[in-house]
$ cat coords_37.pdb   # PDB, C-alpha atoms and all ligand atoms
ATOM      1  CA  MET A1124      13.501  14.075  -1.836  1.00  0.00           C
ATOM      2  CA  ARG A1125      11.135  11.125  -1.925  1.00  0.00           C
ATOM      3  CA  LYS A1126       7.940  11.788  -3.866  1.00  0.00           C
ATOM      4  CA  LYS A1127       4.891  11.188  -1.704  1.00  0.00           C
ATOM      5  CA  ILE A1128       2.537   8.385  -2.679  1.00  0.00           C
ATOM      6  CA  ILE A1129      -1.131   8.370  -1.747  1.00  0.00           C
ATOM      7  CA  ALA A1130      -2.958   5.127  -2.474  1.00  0.00           C
ATOM      8  CA  GLY A1131      -6.656   4.497  -2.006  1.00  0.00           C
ATOM      9  CA  ASN A1132      -7.573   0.969  -0.930  1.00  0.00           C
ATOM     10  CA  TRP A1133     -11.197   0.599  -1.985  1.00  0.00           C
ATOM     11  CA  LYS A1134     -11.351  -2.889  -0.379  1.00  0.00           C
ATOM     12  CA  MET A1135     -14.510  -4.883  -1.301  1.00  0.00           C
ATOM     13  CA  ASN A1136     -16.561  -1.826  -2.190  1.00  0.00           C
ATOM     14  CA  LYS A1137     -18.128  -0.539  -5.433  1.00  0.00           C
ATOM     15  CA  THR A1138     -19.664  -2.497  -8.278  1.00  0.00           C
ATOM     16  CA  PRO A1139     -18.131  -1.832 -11.725  1.00  0.00           C
ATOM     17  CA  SER A1140     -20.672   0.891 -12.506  1.00  0.00           C
ATOM     18  CA  GLU A1141     -20.339   2.491  -9.059  1.00  0.00           C
ATOM     19  CA  ALA A1142     -16.556   2.308  -9.356  1.00  0.00           C
ATOM     20  CA  ALA A1143     -16.684   4.135 -12.675  1.00  0.00           C
ATOM     21  CA  GLU A1144     -18.771   6.906 -11.095  1.00  0.00           C
ATOM     22  CA  LEU A1145     -16.418   7.267  -8.139  1.00  0.00           C
ATOM     23  CA  ALA A1146     -13.338   7.292 -10.391  1.00  0.00           C
ATOM     24  CA  LYS A1147     -14.885  10.088 -12.494  1.00  0.00           C
ATOM     25  CA  LEU A1148     -15.705  12.135  -9.409  1.00  0.00           C
ATOM     26  CA  LEU A1149     -12.266  11.726  -7.823  1.00  0.00           C
ATOM     27  CA  LYS A1150     -10.449  12.351 -11.110  1.00  0.00           C
ATOM     28  CA  SER A1151     -12.198  15.721 -11.393  1.00  0.00           C
ATOM     29  CA  LYS A1152     -10.995  16.729  -7.905  1.00  0.00           C
ATOM     30  CA  ILE A1153      -7.433  15.367  -7.889  1.00  0.00           C
ATOM     31  CA  ASN A1154      -4.271  16.910  -9.203  1.00  0.00           C
ATOM     32  CA  ALA A1155      -1.805  14.024  -9.489  1.00  0.00           C
ATOM     33  CA  GLU A1156       1.234  16.103 -10.385  1.00  0.00           C
ATOM     34  CA  ARG A1157       3.242  16.570  -7.253  1.00  0.00           C
ATOM     35  CA  ALA A1158       2.408  13.291  -5.518  1.00  0.00           C
ATOM     36  CA  ASP A1159       1.887   9.803  -6.932  1.00  0.00           C
ATOM     37  CA  VAL A1160      -1.778   8.864  -6.665  1.00  0.00           C
ATOM     38  CA  VAL A1161      -3.049   5.290  -6.972  1.00  0.00           C
ATOM     39  CA  PHE A1162      -6.544   3.792  -6.978  1.00  0.00           C
ATOM     40  CA  CYS A1163      -6.331   0.193  -5.709  1.00  0.00           C
ATOM     41  CA  VAL A1164      -9.684  -1.177  -6.785  1.00  0.00           C
ATOM     42  CA  PRO A1165     -11.421  -4.595  -6.669  1.00  0.00           C
ATOM     43  CA  ALA A1166     -10.283  -6.917  -9.503  1.00  0.00           C
ATOM     44  CA  ILE A1167     -13.560  -6.629 -11.392  1.00  0.00           C
ATOM     45  CA  ASP A1168     -13.337  -2.821 -11.312  1.00  0.00           C
ATOM     46  CA  ILE A1169      -9.829  -2.639 -12.774  1.00  0.00           C
ATOM     47  CA  MET A1170     -10.934  -2.403 -16.418  1.00  0.00           C
ATOM     48  CA  PRO A1171     -13.669   0.245 -16.070  1.00  0.00           C
ATOM     49  CA  VAL A1172     -11.643   2.399 -13.660  1.00  0.00           C
ATOM     50  CA  GLY A1173      -8.567   2.057 -15.895  1.00  0.00           C
ATOM     51  CA  GLU A1174     -10.522   3.474 -18.834  1.00  0.00           C
ATOM     52  CA  ILE A1175     -11.615   6.495 -16.816  1.00  0.00           C
ATOM     53  CA  ILE A1176      -8.258   7.436 -15.310  1.00  0.00           C
ATOM     54  CA  LYS A1177      -6.247   6.901 -18.511  1.00  0.00           C
ATOM     55  CA  GLY A1178      -4.101   9.981 -19.166  1.00  0.00           C
ATOM     56  CA  SER A1179      -4.970  11.626 -15.826  1.00  0.00           C
ATOM     57  CA  GLY A1180      -1.690  10.799 -14.090  1.00  0.00           C
ATOM     58  CA  ILE A1181      -3.565   8.667 -11.552  1.00  0.00           C
ATOM     59  CA  ALA A1182      -2.212   5.123 -11.489  1.00  0.00           C
ATOM     60  CA  LEU A1183      -4.184   1.913 -11.343  1.00  0.00           C
ATOM     61  CA  GLY A1184      -3.607  -0.567  -8.518  1.00  0.00           C
ATOM     62  CA  ALA A1185      -4.865  -4.008  -7.493  1.00  0.00           C
ATOM     63  CA  GLN A1186      -5.442  -5.318  -3.961  1.00  0.00           C
ATOM     64  CA  ASN A1187      -3.936  -8.790  -4.329  1.00  0.00           C
ATOM     65  CA  MET A1188      -2.536 -11.267  -6.866  1.00  0.00           C
ATOM     66  CA  HIS A1189      -1.308 -14.866  -6.963  1.00  0.00           C
ATOM     67  CA  PHE A1190       2.386 -15.735  -6.898  1.00  0.00           C
ATOM     68  CA  GLU A1191       2.165 -18.271  -9.737  1.00  0.00           C
ATOM     69  CA  GLU A1192       2.133 -17.176 -13.380  1.00  0.00           C
ATOM     70  CA  SER A1193      -1.044 -19.078 -14.314  1.00  0.00           C
ATOM     71  CA  GLY A1194      -2.791 -22.395 -13.795  1.00  0.00           C
ATOM     72  CA  ALA A1195      -5.352 -24.222 -11.711  1.00  0.00           C
ATOM     73  CA  TYR A1196      -5.975 -21.588  -9.012  1.00  0.00           C
ATOM     74  CA  THR A1197      -9.710 -21.010  -9.186  1.00  0.00           C
ATOM     75  CA  GLY A1198     -10.752 -17.507  -8.279  1.00  0.00           C
ATOM     76  CA  GLU A1199      -7.274 -15.979  -8.359  1.00  0.00           C
ATOM     77  CA  THR A1200      -5.793 -13.147 -10.441  1.00  0.00           C
ATOM     78  CA  SER A1201      -2.350 -13.439 -12.034  1.00  0.00           C
ATOM     79  CA  VAL A1202       0.357 -10.831 -12.438  1.00  0.00           C
ATOM     80  CA  LYS A1203       0.092 -11.040 -16.234  1.00  0.00           C
ATOM     81  CA  MET A1204      -3.635 -10.287 -16.037  1.00  0.00           C
ATOM     82  CA  LEU A1205      -2.855  -7.196 -13.959  1.00  0.00           C
ATOM     83  CA  LYS A1206      -0.039  -6.130 -16.270  1.00  0.00           C
ATOM     84  CA  ASP A1207      -2.191  -6.518 -19.379  1.00  0.00           C
ATOM     85  CA  ALA A1208      -4.881  -4.380 -17.714  1.00  0.00           C
ATOM     86  CA  GLN A1209      -2.304  -1.544 -17.181  1.00  0.00           C
ATOM     87  CA  VAL A1210      -2.053  -2.079 -13.418  1.00  0.00           C
ATOM     88  CA  GLU A1211       1.067  -0.409 -11.995  1.00  0.00           C
ATOM     89  CA  TYR A1212       0.791  -1.189  -8.259  1.00  0.00           C
ATOM     90  CA  VAL A1213      -0.480  -4.074  -6.155  1.00  0.00           C
ATOM     91  CA  ILE A1214      -1.202  -4.106  -2.422  1.00  0.00           C
ATOM     92  CA  LEU A1215       0.339  -7.259  -0.925  1.00  0.00           C
ATOM     93  CA  GLY A1216       0.001  -8.705   2.561  1.00  0.00           C
ATOM     94  CA  HIS A1217      -2.730  -6.377   3.796  1.00  0.00           C
ATOM     95  CA  SER A1218      -3.644  -7.325   7.376  1.00  0.00           C
ATOM     96  CA  GLU A1219      -7.155  -8.280   6.239  1.00  0.00           C
ATOM     97  CA  ARG A1220      -5.665 -10.815   3.824  1.00  0.00           C
ATOM     98  CA  ARG A1221      -3.313 -12.143   6.480  1.00  0.00           C
ATOM     99  CA  GLU A1222      -6.121 -12.398   9.054  1.00  0.00           C
ATOM    100  CA  TYR A1223      -9.120 -13.590   7.006  1.00  0.00           C
ATOM    101  CA  PHE A1224      -7.448 -15.487   4.158  1.00  0.00           C
ATOM    102  CA  GLY A1225      -4.503 -17.058   5.957  1.00  0.00           C
ATOM    103  CA  GLU A1226      -1.867 -15.244   3.913  1.00  0.00           C
ATOM    104  CA  THR A1227       1.608 -15.821   5.363  1.00  0.00           C
ATOM    105  CA  SER A1228       4.774 -13.720   5.124  1.00  0.00           C
ATOM    106  CA  ASP A1229       6.161 -16.451   2.883  1.00  0.00           C
ATOM    107  CA  ASP A1230       3.244 -15.969   0.456  1.00  0.00           C
ATOM    108  CA  VAL A1231       3.782 -12.221   0.593  1.00  0.00           C
ATOM    109  CA  ASN A1232       7.478 -12.669  -0.203  1.00  0.00           C
ATOM    110  CA  LYS A1233       6.670 -14.845  -3.240  1.00  0.00           C
ATOM    111  CA  LYS A1234       4.076 -12.333  -4.452  1.00  0.00           C
ATOM    112  CA  ILE A1235       6.486  -9.400  -4.076  1.00  0.00           C
ATOM    113  CA  LYS A1236       9.079 -11.210  -6.202  1.00  0.00           C
ATOM    114  CA  LYS A1237       6.505 -12.131  -8.852  1.00  0.00           C
ATOM    115  CA  ALA A1238       5.157  -8.567  -9.062  1.00  0.00           C
ATOM    116  CA  LEU A1239       8.652  -7.079  -9.412  1.00  0.00           C
ATOM    117  CA  GLU A1240       9.588  -9.650 -12.042  1.00  0.00           C
ATOM    118  CA  HIS A1241       6.753  -8.224 -14.177  1.00  0.00           C
ATOM    119  CA  GLY A1242       7.360  -4.558 -13.382  1.00  0.00           C
ATOM    120  CA  ILE A1243       4.446  -4.058 -11.002  1.00  0.00           C
ATOM    121  CA  ILE A1244       5.234  -2.134  -7.821  1.00  0.00           C
ATOM    122  CA  PRO A1245       4.252  -3.930  -4.611  1.00  0.00           C
ATOM    123  CA  ILE A1246       2.768  -1.964  -1.714  1.00  0.00           C
ATOM    124  CA  MET A1247       3.710  -4.310   1.123  1.00  0.00           C
ATOM    125  CA  CYS A1248       1.671  -3.923   4.294  1.00  0.00           C
ATOM    126  CA  CYS A1249       2.881  -4.563   7.823  1.00  0.00           C
ATOM    127  CA  GLY A1250       1.670  -3.620  11.274  1.00  0.00           C
ATOM    128  CA  GLU A1251       0.984  -4.775  14.805  1.00  0.00           C
ATOM    129  CA  THR A1252      -2.182  -5.757  16.671  1.00  0.00           C
ATOM    130  CA  LEU A1253      -3.348  -3.823  19.726  1.00  0.00           C
ATOM    131  CA  ALA A1254      -2.129  -6.664  21.980  1.00  0.00           C
ATOM    132  CA  GLN A1255       1.342  -6.472  20.410  1.00  0.00           C
ATOM    133  CA  ARG A1256       1.455  -2.697  20.911  1.00  0.00           C
ATOM    134  CA  GLU A1257       0.377  -3.035  24.519  1.00  0.00           C
ATOM    135  CA  THR A1258       3.026  -5.673  25.254  1.00  0.00           C
ATOM    136  CA  GLY A1259       5.708  -3.490  23.669  1.00  0.00           C
ATOM    137  CA  VAL A1260       6.660  -5.789  20.777  1.00  0.00           C
ATOM    138  CA  THR A1261       5.522  -3.535  17.907  1.00  0.00           C
ATOM    139  CA  MET A1262       8.947  -2.925  16.413  1.00  0.00           C
ATOM    140  CA  GLU A1263      10.086  -6.551  16.693  1.00  0.00           C
ATOM    141  CA  HIS A1264       6.919  -7.714  14.967  1.00  0.00           C
ATOM    142  CA  VAL A1265       7.133  -5.166  12.154  1.00  0.00           C
ATOM    143  CA  ARG A1266      10.850  -5.875  11.624  1.00  0.00           C
ATOM    144  CA  ILE A1267      10.089  -9.594  11.233  1.00  0.00           C
ATOM    145  CA  GLN A1268       7.330  -8.853   8.700  1.00  0.00           C
ATOM    146  CA  VAL A1269       9.608  -6.560   6.688  1.00  0.00           C
ATOM    147  CA  LYS A1270      12.556  -8.963   6.725  1.00  0.00           C
ATOM    148  CA  ALA A1271      10.332 -11.888   5.706  1.00  0.00           C
ATOM    149  CA  GLY A1272       8.694  -9.876   2.932  1.00  0.00           C
ATOM    150  CA  PHE A1273      12.046  -8.743   1.497  1.00  0.00           C
ATOM    151  CA  LYS A1274      13.790 -12.142   1.798  1.00  0.00           C
ATOM    152  CA  GLY A1275      15.985 -12.768  -1.240  1.00  0.00           C
ATOM    153  CA  LEU A1276      15.418  -9.329  -2.838  1.00  0.00           C
ATOM    154  CA  VAL A1277      18.452  -7.447  -4.138  1.00  0.00           C
ATOM    155  CA  ALA A1278      18.799  -3.734  -3.321  1.00  0.00           C
ATOM    156  CA  GLU A1279      17.851  -2.632  -6.827  1.00  0.00           C
ATOM    157  CA  ASP A1280      14.466  -4.372  -6.466  1.00  0.00           C
ATOM    158  CA  ALA A1281      14.016  -3.594  -2.777  1.00  0.00           C
ATOM    159  CA  GLN A1282      14.062   0.162  -3.365  1.00  0.00           C
ATOM    160  CA  LYS A1283      11.102  -0.089  -5.764  1.00  0.00           C
ATOM    161  CA  VAL A1284       8.821  -1.582  -3.106  1.00  0.00           C
ATOM    162  CA  VAL A1285       6.499   0.744  -1.194  1.00  0.00           C
ATOM    163  CA  ILE A1286       6.017  -0.263   2.451  1.00  0.00           C
ATOM    164  CA  ALA A1287       2.722   0.576   4.153  1.00  0.00           C
ATOM    165  CA  TYR A1288       2.892   0.634   7.928  1.00  0.00           C
ATOM    166  CA  GLU A1289      -0.655   0.010   9.140  1.00  0.00           C
ATOM    167  CA  PRO A1290      -1.243  -0.644  12.835  1.00  0.00           C
ATOM    168  CA  ILE A1291      -4.184  -3.077  12.838  1.00  0.00           C
ATOM    169  CA  TRP A1292      -5.869  -1.276  15.738  1.00  0.00           C
ATOM    170  CA  ALA A1293      -6.021   1.898  13.638  1.00  0.00           C
ATOM    171  CA  ILE A1294      -7.576   0.355  10.517  1.00  0.00           C
ATOM    172  CA  GLY A1295     -11.210   1.316  10.006  1.00  0.00           C
ATOM    173  CA  THR A1296     -11.565   2.279  13.650  1.00  0.00           C
ATOM    174  CA  GLY A1297     -11.315   6.056  13.390  1.00  0.00           C
ATOM    175  CA  LYS A1298      -8.442   5.730  15.877  1.00  0.00           C
ATOM    176  CA  THR A1299      -5.341   7.016  14.061  1.00  0.00           C
ATOM    177  CA  ALA A1300      -1.888   6.457  15.460  1.00  0.00           C
ATOM    178  CA  THR A1301      -0.459   9.796  16.603  1.00  0.00           C
ATOM    179  CA  SER A1302       1.983  11.291  14.154  1.00  0.00           C
ATOM    180  CA  ALA A1303       4.754  10.559  16.678  1.00  0.00           C
ATOM    181  CA  GLN A1304       3.746   6.876  16.987  1.00  0.00           C
ATOM    182  CA  ALA A1305       3.554   6.513  13.208  1.00  0.00           C
ATOM    183  CA  GLN A1306       6.887   8.292  12.687  1.00  0.00           C
ATOM    184  CA  GLU A1307       8.618   6.103  15.280  1.00  0.00           C
ATOM    185  CA  VAL A1308       7.670   2.863  13.519  1.00  0.00           C
ATOM    186  CA  CYS A1309       8.275   4.235  10.004  1.00  0.00           C
ATOM    187  CA  ALA A1310      11.766   5.343  11.125  1.00  0.00           C
ATOM    188  CA  GLY A1311      12.333   1.845  12.546  1.00  0.00           C
ATOM    189  CA  ILE A1312      11.303   0.322   9.225  1.00  0.00           C
ATOM    190  CA  ARG A1313      13.748   2.581   7.367  1.00  0.00           C
ATOM    191  CA  LYS A1314      16.471   1.509   9.797  1.00  0.00           C
ATOM    192  CA  THR A1315      15.634  -2.139   9.113  1.00  0.00           C
ATOM    193  CA  ILE A1316      16.002  -1.494   5.367  1.00  0.00           C
ATOM    194  CA  GLU A1317      19.315   0.246   6.048  1.00  0.00           C
ATOM    195  CA  GLU A1318      20.582  -2.796   7.953  1.00  0.00           C
ATOM    196  CA  LEU A1319      19.566  -5.040   5.066  1.00  0.00           C
ATOM    197  CA  TYR A1320      20.594  -2.889   2.081  1.00  0.00           C
ATOM    198  CA  GLY A1321      22.558   0.157   3.260  1.00  0.00           C
ATOM    199  CA  ALA A1322      21.771   3.844   3.617  1.00  0.00           C
ATOM    200  CA  GLU A1323      21.225   4.647  -0.058  1.00  0.00           C
ATOM    201  CA  THR A1324      18.400   2.132  -0.474  1.00  0.00           C
ATOM    202  CA  ALA A1325      16.917   3.130   2.888  1.00  0.00           C
ATOM    203  CA  GLN A1326      16.791   6.774   1.819  1.00  0.00           C
ATOM    204  CA  LYS A1327      15.101   5.907  -1.457  1.00  0.00           C
ATOM    205  CA  ILE A1328      12.407   3.519  -0.269  1.00  0.00           C
ATOM    206  CA  ARG A1329       8.960   5.012   0.332  1.00  0.00           C
ATOM    207  CA  ILE A1330       7.073   4.231   3.543  1.00  0.00           C
ATOM    208  CA  GLN A1331       3.386   5.043   3.889  1.00  0.00           C
ATOM    209  CA  TYR A1332       1.280   5.210   6.998  1.00  0.00           C
ATOM    210  CA  GLY A1333      -2.207   3.690   6.933  1.00  0.00           C
ATOM    211  CA  GLY A1334      -5.019   3.505   9.477  1.00  0.00           C
ATOM    212  CA  SER A1335      -7.895   6.013   9.651  1.00  0.00           C
ATOM    213  CA  VAL A1336      -6.089   8.640   7.569  1.00  0.00           C
ATOM    214  CA  ASN A1337      -8.496  11.456   6.646  1.00  0.00           C
ATOM    215  CA  GLY A1338      -8.559  14.964   5.243  1.00  0.00           C
ATOM    216  CA  LYS A1339      -7.923  16.451   8.669  1.00  0.00           C
ATOM    217  CA  ASN A1340      -5.020  14.377  10.003  1.00  0.00           C
ATOM    218  CA  ALA A1341      -3.109  13.794   6.739  1.00  0.00           C
ATOM    219  CA  ALA A1342      -0.995  16.978   6.727  1.00  0.00           C
ATOM    220  CA  GLU A1343       0.383  16.337  10.212  1.00  0.00           C
ATOM    221  CA  LEU A1344       1.291  12.747   9.328  1.00  0.00           C
ATOM    222  CA  PHE A1345       2.945  13.829   6.050  1.00  0.00           C
ATOM    223  CA  ALA A1346       5.071  16.363   7.893  1.00  0.00           C
ATOM    224  CA  MET A1347       6.919  13.522   9.640  1.00  0.00           C
ATOM    225  CA  ALA A1348      10.431  12.822   8.336  1.00  0.00           C
ATOM    226  CA  ASP A1349       9.899   9.139   7.517  1.00  0.00           C
ATOM    227  CA  ILE A1350       6.264   9.168   6.355  1.00  0.00           C
ATOM    228  CA  ASP A1351       6.116   9.336   2.567  1.00  0.00           C
ATOM    229  CA  GLY A1352       2.371   9.175   2.041  1.00  0.00           C
ATOM    230  CA  ALA A1353      -0.631   7.105   3.009  1.00  0.00           C
ATOM    231  CA  LEU A1354      -2.615   3.985   2.260  1.00  0.00           C
ATOM    232  CA  VAL A1355      -6.196   5.109   2.729  1.00  0.00           C
ATOM    233  CA  GLY A1356      -9.227   2.867   3.220  1.00  0.00           C
ATOM    234  CA  GLY A1357     -12.544   4.468   4.219  1.00  0.00           C
ATOM    235  CA  ALA A1358     -11.688   8.015   3.124  1.00  0.00           C
ATOM    236  CA  SER A1359     -10.574   6.828  -0.340  1.00  0.00           C
ATOM    237  CA  LEU A1360     -14.245   6.237  -1.216  1.00  0.00           C
ATOM    238  CA  LYS A1361     -15.158   9.877  -0.676  1.00  0.00           C
ATOM    239  CA  GLU A1362     -14.310  13.283  -2.129  1.00  0.00           C
ATOM    240  CA  GLU A1363     -12.209  13.719   0.988  1.00  0.00           C
ATOM    241  CA  PHE A1364      -9.548  11.607  -0.734  1.00  0.00           C
ATOM    242  CA  ALA A1365      -8.724  14.676  -2.824  1.00  0.00           C
ATOM    243  CA  ASP A1366      -7.992  16.631   0.374  1.00  0.00           C
ATOM    244  CA  ILE A1367      -5.549  13.916   1.463  1.00  0.00           C
ATOM    245  CA  VAL A1368      -3.792  14.186  -1.909  1.00  0.00           C
ATOM    246  CA  SER A1369      -3.648  17.989  -1.542  1.00  0.00           C
ATOM    247  CA  ALA A1370      -2.086  17.587   1.915  1.00  0.00           C
ATOM    248  CA  ALA A1371       0.805  15.731   0.277  1.00  0.00           C
ATOM    249  CA  GLU A1372       1.647  18.467  -2.211  1.00  0.00           C
TER     250      GLU A1372
HETATM  251  P1  LIG B   1      -8.748   2.843   6.862  1.00  0.00           P
HETATM  252  O1  LIG B   1      -8.069   1.586   6.135  1.00  0.00           O
HETATM  253  O2  LIG B   1      -8.181   4.090   6.220  1.00  0.00           O
HETATM  254  O3  LIG B   1     -10.222   2.686   6.607  1.00  0.00           O
HETATM  255  O4  LIG B   1      -8.395   2.755   8.303  1.00  0.00           O
HETATM  256  C1  LIG B   1      -6.712   1.585   5.794  1.00  0.00           C
HETATM  257  C2  LIG B   1      -6.333   0.268   5.158  1.00  0.00           C
HETATM  258  O5  LIG B   1      -6.805  -0.791   5.605  1.00  0.00           O
HETATM  259  O6  LIG B   1      -5.554   0.232   4.192  1.00  0.00           O
END
$ encode --input "coords_37.pdb" --output "structure tokens" --more "lines below"
Ligand code: PGA
Amino acid sequence: MRKKIIAGNWKMNKTPSEAAELAKLLKSKINAERADVVFCVPAIDIMPVGEIIKGSGIALGAQNMHFEESGAYTGETSVKMLKDAQVEYVILGHSERREYFGETSDDVNKKIKKALEHGIIPIMCCGETLAQRETGVTMEHVRIQVKAGFKGLVAEDAQKVVIAYEPIWAIGTGKTATSAQAQEVCAGIRKTIEELYGAETAQKIRIQYGGSVNGKNAAELFAMADIDGALVGGASLKEEFADIVSAAE
């Protein structure tokens, strides 16, 4: 049985003091025993939120990192900085980073390798646009993103990665994919991993769904055979996040 993983993607929300307040509130509502729970917070909020969730079973996550160890990359955050701040997970290749910051699958691949090298678990995002869904190329597109992201990874490392399937048309729109649509693509992703690494790795790897997940639709999504949790944006900033975690238990 794969343990479910529910990650909150706070995006560019919450100042350090607001983040501390939210972390306190959510910590008091969440039981992180039966599912893995991660708060992926803005870089500047990592330290204060880390202090608050210490010992609670909730893990700390980042939303991005650079693929180089250190150096002249103004404004970037390195893997060693994350590691030293007790970060355990990092979201990589979110569609907003691909779209607004020109991040390529090649960058994502380099970042995945760098994170794994330092023992941080990547949450690699993939997903199609509405135009791609309407032209029927969803699975081809997602397969290409997964293959490019995993290029050069051995099975032992590949199985540590969490994949987040997030259809772009469902992100922040209130328009969730149906559980059947989400299951179909997540099953296709698992099949892609099986082709690359074999059945054992495919059965171990965790695949989340993301895109307008809330307290009401989470349980139905989590009941699907290939959906192992969620990457949650908007609802991760509210008490409702605790209901999503409960739905995974
Ligand atoms: P949403 O965002 O839950 O607000 O749709 C999900 C995400 O972008 O990770």
$ axis_aligned_box --input "coords_37.pdb" --around "ligand LIG 1 (chain B)" --padding-each-side "4 Å" --output "lines of an AutoDock Vina configuration file"
center_x = -7.9
center_y = 1.6
center_z = 6.2
size_x = 12.7
size_y = 12.9
size_z = 12.1
$ resolve_selection --input "coords_37.pdb" --expression "the PyMOL selection byres (((chain A and resi 1172-1188) around 6) and not hetatm)" --output "list in words"
Ala1143, Ala1155, Val1160, Val1161, Phe1162, Cys1163, Val1164, Asp1168, Ile1169, Met1170, Pro1171, His1189, Thr1200, Ser1201, Val1210, Glu1211, Tyr1212, Val1213, Ile1214 and Leu1215 of chain A
$ atom_distance --input "coords_37.pdb" --atom1 "atom CA of A:Asn1136" --atom2 "atom O5 of ligand LIG 1 (chain B)"
12.5 Å
$ closest_residue --input "coords_37.pdb" --among "A:Ala1146, A:Met1135, A:Leu1276, A:Met1262" --to "A:Tyr1288" --atoms "only C-alpha atoms"
A:Met1262
$ residues_near_ligand --input "coords_37.pdb" --ligand "ligand LIG 1 (chain B)" --cutoff "10 Å" --atoms "only C-alpha atoms and all ligand atoms" --output "NGL selection string"
:A and (1130-1134 or 1163 or 1186 or 1214 or 1217-1219 or 1248 or 1287-1299 or 1332-1337 or 1353-1360)
$ closest_residue --input "coords_37.pdb" --among "A:Leu1319, A:Ala1142, A:Val1368, A:Lys1237" --to "A:Ile1167" --atoms "only C-alpha atoms"
A:Ala1142
$ resolve_selection --input "coords_37.pdb" --expression "the PyMOL selection byres (((chain A and resi 1285) around 8) and not hetatm)" --output "list in words"
Ile1244, Pro1245, Ile1246, Met1247, Gln1282, Lys1283, Val1284, Ile1286, Ala1287, Ile1328, Arg1329, Ile1330 and Gln1331 of chain A
$ closest_residue --input "coords_37.pdb" --among "A:Glu1156, A:Asp1349, A:Glu1279, A:Asp1230" --to "A:Ser1369" --atoms "only C-alpha atoms"
A:Glu1156
$ resolve_selection --input "coords_37.pdb" --expression "the PyMOL selection byres (((chain A and resi 1302) around 12) and not hetatm)" --output "list of chain:residue names"
A:Lys1298, A:Thr1299, A:Ala1300, A:Thr1301, A:Ala1303, A:Gln1304, A:Ala1305, A:Gln1306, A:Glu1307, A:Val1308, A:Cys1309, A:Ala1310, A:Tyr1332, A:Gly1333, A:Gly1334, A:Val1336, A:Asn1340, A:Ala1341, A:Ala1342, A:Glu1343, A:Leu1344, A:Phe1345, A:Ala1346, A:Met1347, A:Ala1348, A:Asp1349, A:Ile1350
$ closest_residue --input "coords_37.pdb" --among "A:Arg1256, A:Lys1233, A:His1264, A:Lys1127" --to "A:Gly1311" --atoms "only C-alpha atoms"
A:His1264
$ closest_residue --input "coords_37.pdb" --among "A:Thr1138, A:Gln1209, A:Thr1227, A:Asn1232" --to "A:Lys1274" --atoms "only C-alpha atoms"
A:Asn1232
$ atom_distance --input "coords_37.pdb" --atom1 "atom CA of A:Glu1318" --atom2 "atom CA of A:Gly1225"
28.9 Å
